[in-house]
$ cat model28.cif   # mmCIF, C-alpha atoms and all ligand atoms
data_target
loop_
_atom_site.label_atom_id
_atom_site.label_comp_id
_atom_site.auth_asym_id
_atom_site.auth_seq_id
_atom_site.Cartn_x
_atom_site.Cartn_y
_atom_site.Cartn_z
CA MET A 300 115.12 44.29 -50.79
CA GLU A 301 112.63 44.47 -53.64
CA PRO A 302 110.22 47.37 -53.00
CA LEU A 303 106.54 46.53 -52.62
CA LEU A 304 105.54 49.60 -54.59
CA GLN A 305 107.70 51.36 -57.12
CA VAL A 306 106.28 54.47 -58.73
CA GLU A 307 108.27 55.83 -61.65
CA HIS A 308 107.70 59.13 -63.42
CA LEU A 309 104.02 59.35 -62.59
CA ALA A 310 102.24 62.07 -64.57
CA VAL A 311 98.57 62.96 -64.22
CA SER A 312 96.71 65.56 -66.15
CA PHE A 313 93.32 67.18 -65.64
CA ALA A 314 91.14 68.63 -68.34
CA THR A 315 89.50 71.88 -67.27
CA GLU A 316 87.63 74.54 -69.24
CA ASN A 317 90.90 76.42 -69.51
CA GLY A 318 92.84 73.50 -70.94
CA GLN A 319 94.79 70.45 -69.97
CA PHE A 320 97.03 70.69 -66.88
CA ARG A 321 99.66 68.39 -65.46
CA VAL A 322 98.81 68.37 -61.79
CA VAL A 323 101.34 65.61 -61.07
CA ASP A 324 104.49 65.64 -63.13
CA ASP A 325 107.34 63.15 -62.99
CA VAL A 326 106.85 61.88 -59.46
CA SER A 327 108.81 58.78 -58.42
CA PHE A 328 109.09 56.95 -55.13
CA SER A 329 109.35 53.46 -53.77
CA LEU A 330 108.07 51.84 -50.65
CA ALA A 331 109.17 48.59 -49.01
CA SER A 332 107.03 46.31 -46.86
CA GLY A 333 106.93 47.37 -43.24
CA GLN A 334 107.93 50.93 -44.13
CA THR A 335 106.01 54.19 -44.00
CA LEU A 336 106.47 56.90 -46.60
CA GLY A 337 105.14 60.38 -45.87
CA LEU A 338 103.86 62.49 -48.74
CA VAL A 339 103.85 66.15 -47.73
CA GLY A 340 103.32 69.52 -49.34
CA GLU A 341 100.93 72.43 -49.43
CA SER A 342 97.31 72.14 -50.39
CA GLY A 343 96.86 71.49 -54.10
CA CYS A 344 100.36 70.08 -54.69
CA GLY A 345 99.00 66.77 -55.95
CA LYS A 346 99.12 64.43 -52.97
CA SER A 347 95.57 63.11 -53.23
CA VAL A 348 95.75 62.90 -57.00
CA THR A 349 98.90 60.78 -56.66
CA ALA A 350 97.12 58.40 -54.26
CA LEU A 351 93.94 58.21 -56.33
CA SER A 352 95.82 57.44 -59.51
CA LEU A 353 97.48 54.43 -57.84
CA LEU A 354 94.04 53.05 -57.05
CA GLY A 355 92.43 53.78 -60.40
CA LEU A 356 90.14 56.24 -58.65
CA LEU A 357 90.85 59.47 -60.52
CA PRO A 358 87.66 61.30 -61.40
CA ARG A 359 87.10 60.34 -65.03
CA PRO A 360 87.13 61.53 -67.72
CA ALA A 361 88.65 64.80 -66.47
CA GLY A 362 91.61 63.18 -64.74
CA GLU A 363 93.98 60.91 -66.59
CA VAL A 364 97.30 59.20 -65.98
CA VAL A 365 99.45 60.39 -68.87
CA GLY A 366 102.76 58.81 -67.99
CA GLY A 367 104.75 56.58 -65.72
CA GLN A 368 104.22 53.26 -64.03
CA ALA A 369 103.48 52.00 -60.54
CA LEU A 370 104.72 48.47 -60.00
CA PHE A 371 103.03 46.69 -57.12
CA GLN A 372 103.83 43.00 -56.63
CA GLY A 373 104.83 42.80 -60.26
CA GLN A 374 101.68 44.46 -61.62
CA ASP A 375 101.52 47.98 -63.01
CA LEU A 376 98.68 49.60 -61.07
CA LEU A 377 98.37 52.30 -63.69
CA SER A 378 97.45 49.90 -66.45
CA LEU A 379 94.86 47.77 -64.65
CA THR A 380 91.32 47.51 -65.93
CA ALA A 381 88.55 48.86 -63.70
CA GLU A 382 87.75 45.29 -62.63
CA GLN A 383 91.38 44.48 -61.76
CA SER A 384 91.76 47.71 -59.85
CA TYR A 385 88.63 46.89 -57.88
CA GLN A 386 90.11 43.50 -56.98
CA VAL A 387 93.34 45.05 -55.75
CA ARG A 388 91.51 47.65 -53.66
CA GLY A 389 90.12 46.36 -50.45
CA ASN A 390 92.15 43.22 -50.89
CA LYS A 391 95.83 44.07 -51.15
CA ILE A 392 95.61 47.83 -50.95
CA ALA A 393 93.28 49.70 -48.62
CA MET A 394 92.80 53.40 -48.51
CA ILE A 395 91.59 55.73 -45.81
CA PHE A 396 90.20 58.92 -47.27
CA GLN A 397 89.76 62.44 -46.04
CA GLU A 398 86.01 62.05 -46.50
CA PRO A 399 84.63 58.87 -44.87
CA MET A 400 81.22 58.78 -46.53
CA THR A 401 82.87 57.91 -49.85
CA ALA A 402 84.05 54.61 -48.38
CA LEU A 403 80.98 53.56 -46.41
CA ASN A 404 77.81 52.08 -47.77
CA PRO A 405 74.88 54.15 -46.45
CA VAL A 406 72.33 51.33 -46.68
CA HIS A 407 74.13 48.76 -44.52
CA THR A 408 74.89 48.82 -40.82
CA VAL A 409 78.41 49.37 -39.61
CA GLY A 410 78.48 45.84 -38.22
CA ARG A 411 77.46 44.24 -41.48
CA GLN A 412 80.09 46.20 -43.44
CA LEU A 413 82.83 45.37 -41.02
CA MET A 414 81.86 41.69 -40.77
CA GLU A 415 81.88 41.47 -44.57
CA VAL A 416 85.52 42.49 -44.51
CA TYR A 417 86.30 39.59 -42.18
CA GLN A 418 84.21 37.20 -44.28
CA LEU A 419 86.28 38.11 -47.30
CA HIS A 420 89.69 38.12 -45.67
CA GLN A 421 89.38 35.55 -42.94
CA PRO A 422 86.77 33.10 -44.23
CA GLU A 423 87.76 30.58 -41.55
CA MET A 424 86.03 32.74 -38.92
CA ASN A 425 82.48 31.85 -37.96
CA LYS A 426 79.78 34.51 -37.49
CA GLY A 427 80.41 34.85 -33.77
CA GLN A 428 84.14 35.31 -34.30
CA GLN A 429 83.51 37.86 -37.04
CA GLN A 430 81.29 39.81 -34.73
CA GLN A 431 83.83 39.69 -31.94
CA ALA A 432 86.60 40.79 -34.29
CA ALA A 433 84.40 43.69 -35.47
CA VAL A 434 83.72 44.77 -31.89
CA ASP A 435 87.42 44.54 -31.00
CA MET A 436 88.46 46.57 -34.04
CA LEU A 437 85.87 49.29 -33.35
CA THR A 438 87.05 49.45 -29.76
CA GLN A 439 90.64 49.77 -30.90
CA VAL A 440 89.85 52.77 -33.11
CA GLY A 441 88.27 54.46 -30.10
CA ILE A 442 84.57 53.77 -30.60
CA PRO A 443 82.82 53.43 -27.25
CA GLU A 444 80.07 50.83 -26.77
CA ALA A 445 81.25 49.15 -29.91
CA LYS A 446 78.84 46.26 -29.66
CA ALA A 447 75.81 48.56 -29.73
CA ARG A 448 77.31 50.52 -32.64
CA LEU A 449 77.34 47.46 -34.85
CA LYS A 450 73.64 48.09 -35.45
CA ALA A 451 74.13 51.74 -36.45
CA TYR A 452 73.92 53.01 -40.01
CA PRO A 453 76.67 55.39 -41.13
CA HIS A 454 74.35 58.44 -41.12
CA GLN A 455 73.57 57.83 -37.46
CA LEU A 456 77.19 58.42 -36.51
CA SER A 457 79.08 61.68 -36.13
CA GLY A 458 81.75 62.57 -38.70
CA GLY A 459 84.54 61.57 -36.34
CA MET A 460 82.89 58.21 -35.62
CA ARG A 461 82.41 57.51 -39.32
CA GLN A 462 86.06 58.30 -39.89
CA ARG A 463 86.99 55.73 -37.26
CA VAL A 464 84.67 53.11 -38.75
CA MET A 465 86.34 53.61 -42.12
CA ILE A 466 89.76 53.25 -40.51
CA ALA A 467 88.57 50.06 -38.78
CA MET A 468 87.41 48.64 -42.12
CA ALA A 469 90.68 49.47 -43.82
CA LEU A 470 92.73 47.89 -41.04
CA ALA A 471 90.50 44.81 -40.85
CA CYS A 472 91.54 43.98 -44.42
CA GLU A 473 95.14 43.60 -43.24
CA PRO A 474 96.25 45.07 -46.55
CA ASP A 475 99.79 44.80 -47.91
CA LEU A 476 99.67 48.51 -48.57
CA LEU A 477 97.64 51.07 -46.66
CA ILE A 478 97.21 54.50 -48.21
CA CYS A 479 96.14 57.15 -45.72
CA ASP A 480 95.05 60.54 -47.04
CA GLU A 481 94.97 62.93 -44.09
CA PRO A 482 93.01 60.33 -42.14
CA THR A 483 93.24 61.96 -38.75
CA THR A 484 93.05 65.69 -39.50
CA ALA A 485 89.41 65.89 -38.41
CA LEU A 486 89.92 63.87 -35.24
CA ASP A 487 90.97 65.17 -31.86
CA VAL A 488 94.55 64.72 -30.76
CA THR A 489 93.96 61.79 -28.39
CA ILE A 490 92.05 59.76 -30.96
CA GLN A 491 94.62 60.70 -33.59
CA ALA A 492 97.45 59.37 -31.42
CA GLN A 493 95.46 56.21 -30.73
CA ILE A 494 94.91 55.61 -34.45
CA LEU A 495 98.53 56.23 -35.34
CA HIS A 496 99.54 53.69 -32.70
CA LEU A 497 97.05 51.22 -34.08
CA ILE A 498 98.41 51.63 -37.60
CA GLN A 499 101.95 51.13 -36.30
CA ALA A 500 100.96 48.08 -34.27
CA LEU A 501 99.28 46.50 -37.27
CA GLN A 502 102.27 47.34 -39.39
CA GLN A 503 104.52 45.50 -36.97
CA LYS A 504 102.22 42.53 -36.90
CA THR A 505 101.55 42.18 -40.63
CA GLY A 506 104.46 44.04 -42.25
CA MET A 507 102.15 46.23 -44.31
CA ALA A 508 103.58 49.28 -46.03
CA VAL A 509 101.96 52.65 -45.42
CA LEU A 510 101.77 55.66 -47.71
CA PHE A 511 100.82 58.51 -45.41
CA ILE A 512 99.62 61.81 -46.81
CA THR A 513 99.62 64.63 -44.31
CA HIS A 514 100.07 68.34 -43.65
CA ASP A 515 101.24 67.58 -40.18
CA LEU A 516 105.01 67.44 -39.80
CA GLY A 517 104.63 66.24 -36.23
CA VAL A 518 102.89 63.13 -37.57
CA VAL A 519 105.61 62.71 -40.19
CA ALA A 520 108.30 62.79 -37.53
CA GLN A 521 106.35 60.31 -35.46
CA ILE A 522 105.51 57.61 -37.97
CA CYS A 523 107.36 57.99 -41.28
CA ASP A 524 110.60 56.28 -42.29
CA HIS A 525 110.96 58.22 -45.52
CA VAL A 526 109.44 61.42 -46.83
CA LEU A 527 108.65 62.83 -50.25
CA VAL A 528 108.07 66.57 -50.29
CA MET A 529 105.99 67.72 -53.25
CA TYR A 530 105.57 71.20 -54.60
CA ALA A 531 103.05 72.19 -57.29
CA GLY A 532 102.83 68.69 -58.73
CA ARG A 533 106.54 67.91 -58.72
CA SER A 534 108.99 66.33 -56.35
CA ALA A 535 111.04 68.80 -54.35
CA GLU A 536 112.99 66.55 -52.01
CA GLN A 537 113.11 62.96 -50.89
CA ALA A 538 115.01 61.48 -47.95
CA ASP A 539 114.76 59.33 -44.88
CA VAL A 540 112.93 61.17 -42.13
CA ILE A 541 115.96 61.99 -39.99
CA THR A 542 117.95 63.36 -42.90
CA LEU A 543 114.99 65.39 -44.07
CA PHE A 544 114.49 67.00 -40.68
CA GLU A 545 118.18 67.47 -39.94
CA GLN A 546 119.60 68.35 -43.36
CA PRO A 547 116.85 69.64 -45.60
CA LEU A 548 118.39 70.87 -48.84
CA HIS A 549 115.48 72.24 -50.83
CA PRO A 550 114.54 75.85 -49.96
CA TYR A 551 110.91 74.74 -49.82
CA THR A 552 111.63 71.96 -47.32
CA GLN A 553 113.76 74.34 -45.31
CA GLY A 554 110.86 76.79 -45.25
CA LEU A 555 108.41 74.11 -44.13
CA LEU A 556 110.67 72.98 -41.35
CA SER A 557 111.80 76.36 -40.12
CA ALA A 558 108.88 76.59 -37.73
CA ILE A 559 109.51 73.17 -36.24
CA PRO A 560 111.76 73.32 -33.22
CA ARG A 561 112.43 69.61 -32.65
CA LEU A 562 112.08 66.25 -34.32
CA GLU A 563 110.57 64.80 -31.14
CA GLN A 564 107.67 67.22 -31.37
CA SER A 565 104.53 65.17 -31.61
CA SER A 566 101.82 67.76 -31.13
CA LYS A 567 99.81 68.99 -34.09
CA THR A 568 102.29 71.04 -36.05
CA PRO A 569 100.83 72.51 -39.19
CA LEU A 570 103.02 73.32 -42.15
CA ALA A 571 104.64 76.69 -41.67
CA THR A 572 103.51 79.40 -44.03
CA ILE A 573 105.96 80.49 -46.66
CA GLU A 574 105.57 83.85 -48.25
CA GLY A 575 103.89 84.01 -51.63
CA GLN A 576 101.57 81.52 -53.25
CA VAL A 577 101.74 78.32 -55.19
CA PRO A 578 101.53 79.25 -58.88
CA SER A 579 98.13 78.51 -60.39
CA LEU A 580 97.86 75.62 -62.80
CA GLU A 581 97.21 78.04 -65.64
CA ALA A 582 100.42 79.88 -64.89
CA LEU A 583 102.94 77.20 -64.03
CA PRO A 584 106.44 78.36 -64.90
CA THR A 585 108.45 76.25 -67.32
CA GLY A 586 111.41 76.32 -64.94
CA CYS A 587 111.49 75.61 -61.23
CA ARG A 588 107.95 75.83 -59.89
CA PHE A 589 109.11 77.20 -56.55
CA ALA A 590 111.18 80.01 -58.10
CA ASN A 591 108.70 82.85 -57.48
CA ARG A 592 108.82 82.21 -53.73
CA CYS A 593 112.45 81.32 -53.42
CA ALA A 594 115.10 83.47 -51.76
CA TYR A 595 117.82 81.76 -53.81
CA MET A 596 116.33 82.31 -57.24
CA THR A 597 118.79 83.03 -60.06
CA PRO A 598 118.46 82.93 -63.88
CA ALA A 599 119.41 79.24 -63.69
CA CYS A 600 116.00 78.60 -62.13
CA GLU A 601 114.29 79.37 -65.43
CA GLN A 602 115.29 75.82 -66.33
CA GLN A 603 113.47 72.97 -64.70
CA PRO A 604 115.78 71.38 -62.10
CA HIS A 605 116.65 67.72 -62.58
CA LYS A 606 117.01 65.25 -59.76
CA ALA A 607 120.28 65.68 -57.88
CA VAL A 608 121.49 62.89 -55.62
CA ALA A 609 122.87 64.62 -52.54
CA ALA A 610 123.56 61.34 -50.77
CA ARG A 611 122.34 57.78 -51.08
CA GLY A 612 118.54 57.96 -50.77
CA HIS A 613 118.57 61.75 -50.53
CA ASN A 614 117.32 63.40 -53.71
CA VAL A 615 116.68 67.06 -54.31
CA TRP A 616 115.24 68.98 -57.23
CA CYS A 617 116.95 72.37 -56.94
CA HIS A 618 119.71 74.13 -58.88
CA HIS A 619 121.18 75.54 -55.70
CA TRP A 620 121.23 72.58 -53.39
CA ARG A 621 125.02 72.56 -53.04
CA GLU A 622 125.04 76.11 -51.72
CA LEU A 623 122.28 75.15 -49.30
CA THR A 624 124.15 72.17 -47.91
CA PRO A 625 125.10 72.91 -44.30
N1 LIG B 1 88.51 66.91 -60.42
C1 LIG B 1 89.46 67.81 -60.68
N2 LIG B 1 89.40 68.61 -61.77
C2 LIG B 1 90.36 69.53 -62.03
N3 LIG B 1 91.44 69.70 -61.27
C3 LIG B 1 91.55 68.94 -60.18
C4 LIG B 1 90.59 67.95 -59.81
N4 LIG B 1 90.99 67.35 -58.67
C5 LIG B 1 92.15 67.94 -58.33
N5 LIG B 1 92.49 68.89 -59.23
C6 LIG B 1 93.68 69.74 -59.19
O1 LIG B 1 94.81 68.92 -59.02
C7 LIG B 1 95.75 69.57 -58.17
C8 LIG B 1 96.18 68.63 -57.09
O2 LIG B 1 95.07 68.36 -56.24
P1 LIG B 1 95.16 67.39 -55.01
O3 LIG B 1 93.78 67.17 -54.53
O4 LIG B 1 95.96 66.21 -55.34
O5 LIG B 1 95.97 68.27 -53.94
P2 LIG B 1 96.43 67.86 -52.47
O6 LIG B 1 97.91 67.96 -52.43
O7 LIG B 1 95.82 66.57 -52.09
O8 LIG B 1 95.82 69.06 -51.61
P3 LIG B 1 95.15 69.04 -50.15
O9 LIG B 1 96.28 69.12 -49.20
O10 LIG B 1 94.33 70.29 -50.14
O11 LIG B 1 94.32 67.81 -50.01
C9 LIG B 1 95.09 70.83 -57.65
O12 LIG B 1 95.61 71.93 -58.35
C10 LIG B 1 93.63 70.64 -57.99
O13 LIG B 1 93.05 71.88 -58.29
MG MG B 2 94.34 66.03 -50.70
#

$ encode --input "model28.cif" --output "structure tokens" --more "lines below"
Ligand SMILES: Nc1ncnc2c1ncn2[C@@H]1O[C@H](COP(=O)(O)OP(=O)(O)OP(=O)(O)O)[C@@H](O)[C@H]1O
Ligand SMILES: [Mg+2]
Amino acid sequence: MEPLLQVEHLAVSFATENGQFRVVDDVSFSLASGQTLGLVGESGCGKSVTALSLLGLLPRPAGEVVGGQALFQGQDLLSLTAEQSYQVRGNKIAMIFQEPMTALNPVHTVGRQLMEVYQLHQPEMNKGQQQQAAVDMLTQVGIPEAKARLKAYPHQLSGGMRQRVMIAMALACEPDLLICDEPTTALDVTIQAQILHLIQALQQKTGMAVLFITHDLGVVAQICDHVLVMYAGRSAEQADVITLFEQPLHPYTQGLLSAIPRLEQSSKTPLATIEGQVPSLEALPTGCRFANRCAYMTPACEQQPHKAVAARGHNVWCHHWRELTP
């Protein structure tokens, strides 16, 4: 099947006072309708930058896409004008951010913002139906007394409530692609579970694809079909979720998973800590970026590893993957 989104060799660079740095380098993945791809990796590895670049939302002029393409329904998202990107967002692609205030308009009530989404996407609805749909959606994301909340302004809600309103707005669009950037980290476990179920239910109903960025491997096991593990701006390993959990080949993936006892685990499982630190942008090695933390490092690792295909759909960027194969 033709993928809905095909990202090839994405490269993003940031200008800082110390120079120009490639914070995302040669990242490729594809995502089919109805599927969920998890994007995981330690803080700073480039997950959010990857998502923002797809939506034309990189902070300009510091951040810039310097290579690659991202085909979405035949259009390259990376070469859209600001106007075209705006059209695609909130229409075909919706995004749920870490920080909800960025997505909400402070001067309009929650009800008005949510009803506007229905006006745009389901113009056949009358006002009463829009309002009912808004109330239902707010209830589904776990907002009590939803009808009364329609009159609230974003600043009158708690952070967790705002997060849920933003999720409600993104889901109300019924997008073809939903990008979630750690959407539930700030929410308590019950609400998190409820929202993940809601995303899955909507996915079954509409066939939307989901790109899910998270630190939480429990969430990955629960909702992702495929996973891309990133390390310091590059791909480390890519596989379907079962293969990744059962036969991780990259030493970094193995490290992340070593603290996870079972695939069925659904509680909040943070990424395990691996000794050492991610190299700073100023001091990225020319070879394998994981080398300084890797137990398997050899002189070969001074060269950047190319993609190795361990099995169909299972890619790994490591010189030593064969030795690490169980
Ligand atoms: N506006 C910016 N200017 C300069 N560098 C930036 C900017 N935004 C992000 N970066 C750098 O890009 C790299 C990737 O950042 P990104 O936010 O994508 O990480 P992340 O994987 O989403 O991390 P987290 O898990 O903490 O959200 C980091 O090294 C970060 O310092
Ligand atoms: Mg991030």

$ residues_around --input "model28.cif" --residues "Arg588 of chain A" --least-positions-apart "3" --cutoff "8 Å" --atoms "only C-alpha atoms" --output "ChimeraX atom specification"
/A:530-531,578,583-585,591,603

$ write_last_selection --input "model28.cif" --atoms "C-alpha atoms" --output "PDB file, in the coordinates of the input"
ATOM      1  CA  TYR A 530     105.570  71.200 -54.600  1.00  0.00           C
ATOM      2  CA  ALA A 531     103.050  72.190 -57.290  1.00  0.00           C
ATOM      3  CA  PRO A 578     101.530  79.250 -58.880  1.00  0.00           C
ATOM      4  CA  LEU A 583     102.940  77.200 -64.030  1.00  0.00           C
ATOM      5  CA  PRO A 584     106.440  78.360 -64.900  1.00  0.00           C
ATOM      6  CA  THR A 585     108.450  76.250 -67.320  1.00  0.00           C
ATOM      7  CA  ASN A 591     108.700  82.850 -57.480  1.00  0.00           C
ATOM      8  CA  GLN A 603     113.470  72.970 -64.700  1.00  0.00           C
TER       9      GLN A 603
END

$ residues_around --input "model28.cif" --residues "Gly441 of chain A" --least-positions-apart "5" --cutoff "12 Å" --atoms "only C-alpha atoms" --output "number ranges by chain"
A: 434-436, 448, 459-464, 466-467, 486-487, 489-497

$ closest_residue --input "model28.cif" --among "A:Gly345, A:Pro474, A:Pro482, A:Gly337" --to "ligand MG 2 (chain B)" --atoms "only C-alpha atoms and all ligand atoms"
A:Gly345

$ residues_near_ligand --input "model28.cif" --ligand "ligand MG 2 (chain B)" --cutoff "9 Å" --atoms "all atoms listed in the file" --output "mmCIF file with C-alpha atoms, in the coordinates of the input"
data_model
loop_
_atom_site.group_PDB
_atom_site.id
_atom_site.type_symbol
_atom_site.label_atom_id
_atom_site.label_comp_id
_atom_site.auth_asym_id
_atom_site.auth_seq_id
_atom_site.Cartn_x
_atom_site.Cartn_y
_atom_site.Cartn_z
ATOM 1 C CA SER A 342 97.310 72.140 -50.390
ATOM 2 C CA GLY A 343 96.860 71.490 -54.100
ATOM 3 C CA CYS A 344 100.360 70.080 -54.690
ATOM 4 C CA GLY A 345 99.000 66.770 -55.950
ATOM 5 C CA LYS A 346 99.120 64.430 -52.970
ATOM 6 C CA SER A 347 95.570 63.110 -53.230
ATOM 7 C CA VAL A 348 95.750 62.900 -57.000
ATOM 8 C CA ALA A 350 97.120 58.400 -54.260
ATOM 9 C CA PHE A 396 90.200 58.920 -47.270
ATOM 10 C CA GLN A 397 89.760 62.440 -46.040
ATOM 11 C CA ASP A 480 95.050 60.540 -47.040
ATOM 12 C CA GLU A 481 94.970 62.930 -44.090
ATOM 13 C CA ILE A 512 99.620 61.810 -46.810
ATOM 14 C CA THR A 513 99.620 64.630 -44.310
#

$ atom_distance --input "model28.cif" --atom1 "atom CA of Ala445 of chain A" --atom2 "atom CA of Ala433 of chain A"
8.4 Å

$ residues_around --input "model28.cif" --residues "segment 317-333 of chain A" --least-positions-apart "6" --cutoff "8 Å" --atoms "only C-alpha atoms" --output "PDB file with C-alpha atoms, keeping the file's coordinate frame"
ATOM      1  CA  MET A 300     115.120  44.290 -50.790  1.00  0.00           C
ATOM      2  CA  GLU A 301     112.630  44.470 -53.640  1.00  0.00           C
ATOM      3  CA  PRO A 302     110.220  47.370 -53.000  1.00  0.00           C
ATOM      4  CA  LEU A 303     106.540  46.530 -52.620  1.00  0.00           C
ATOM      5  CA  LEU A 304     105.540  49.600 -54.590  1.00  0.00           C
ATOM      6  CA  GLN A 305     107.700  51.360 -57.120  1.00  0.00           C
ATOM      7  CA  VAL A 306     106.280  54.470 -58.730  1.00  0.00           C
ATOM      8  CA  GLU A 307     108.270  55.830 -61.650  1.00  0.00           C
ATOM      9  CA  HIS A 308     107.700  59.130 -63.420  1.00  0.00           C
ATOM     10  CA  LEU A 309     104.020  59.350 -62.590  1.00  0.00           C
ATOM     11  CA  ALA A 310     102.240  62.070 -64.570  1.00  0.00           C
ATOM     12  CA  VAL A 311      98.570  62.960 -64.220  1.00  0.00           C
ATOM     13  CA  CYS A 344     100.360  70.080 -54.690  1.00  0.00           C
ATOM     14  CA  GLY A 345      99.000  66.770 -55.950  1.00  0.00           C
ATOM     15  CA  VAL A 348      95.750  62.900 -57.000  1.00  0.00           C
ATOM     16  CA  THR A 349      98.900  60.780 -56.660  1.00  0.00           C
ATOM     17  CA  GLY A 367     104.750  56.580 -65.720  1.00  0.00           C
ATOM     18  CA  ASP A 475      99.790  44.800 -47.910  1.00  0.00           C
ATOM     19  CA  LEU A 476      99.670  48.510 -48.570  1.00  0.00           C
ATOM     20  CA  GLN A 502     102.270  47.340 -39.390  1.00  0.00           C
ATOM     21  CA  GLN A 503     104.520  45.500 -36.970  1.00  0.00           C
ATOM     22  CA  THR A 505     101.550  42.180 -40.630  1.00  0.00           C
ATOM     23  CA  GLY A 506     104.460  44.040 -42.250  1.00  0.00           C
ATOM     24  CA  MET A 507     102.150  46.230 -44.310  1.00  0.00           C
ATOM     25  CA  ALA A 508     103.580  49.280 -46.030  1.00  0.00           C
ATOM     26  CA  VAL A 509     101.960  52.650 -45.420  1.00  0.00           C
ATOM     27  CA  LEU A 510     101.770  55.660 -47.710  1.00  0.00           C
ATOM     28  CA  LEU A 527     108.650  62.830 -50.250  1.00  0.00           C
ATOM     29  CA  ALA A 531     103.050  72.190 -57.290  1.00  0.00           C
ATOM     30  CA  GLY A 532     102.830  68.690 -58.730  1.00  0.00           C
ATOM     31  CA  ARG A 533     106.540  67.910 -58.720  1.00  0.00           C
ATOM     32  CA  SER A 534     108.990  66.330 -56.350  1.00  0.00           C
ATOM     33  CA  LEU A 580      97.860  75.620 -62.800  1.00  0.00           C
ATOM     34  CA  GLU A 581      97.210  78.040 -65.640  1.00  0.00           C
TER      35      GLU A 581
END

$ atom_distance --input "model28.cif" --atom1 "atom CA of Ala538 of chain A" --atom2 "atom CA of Gln602 of chain A"
23.3 Å

$ residues_around --input "model28.cif" --residues "Gln576 of chain A" --least-positions-apart "3" --cutoff "10 Å" --atoms "all atoms listed in the file" --output "list in words"
Glu341, Thr572, Ile573, Ser579, Phe589, Asn591 and Arg592 of chain A
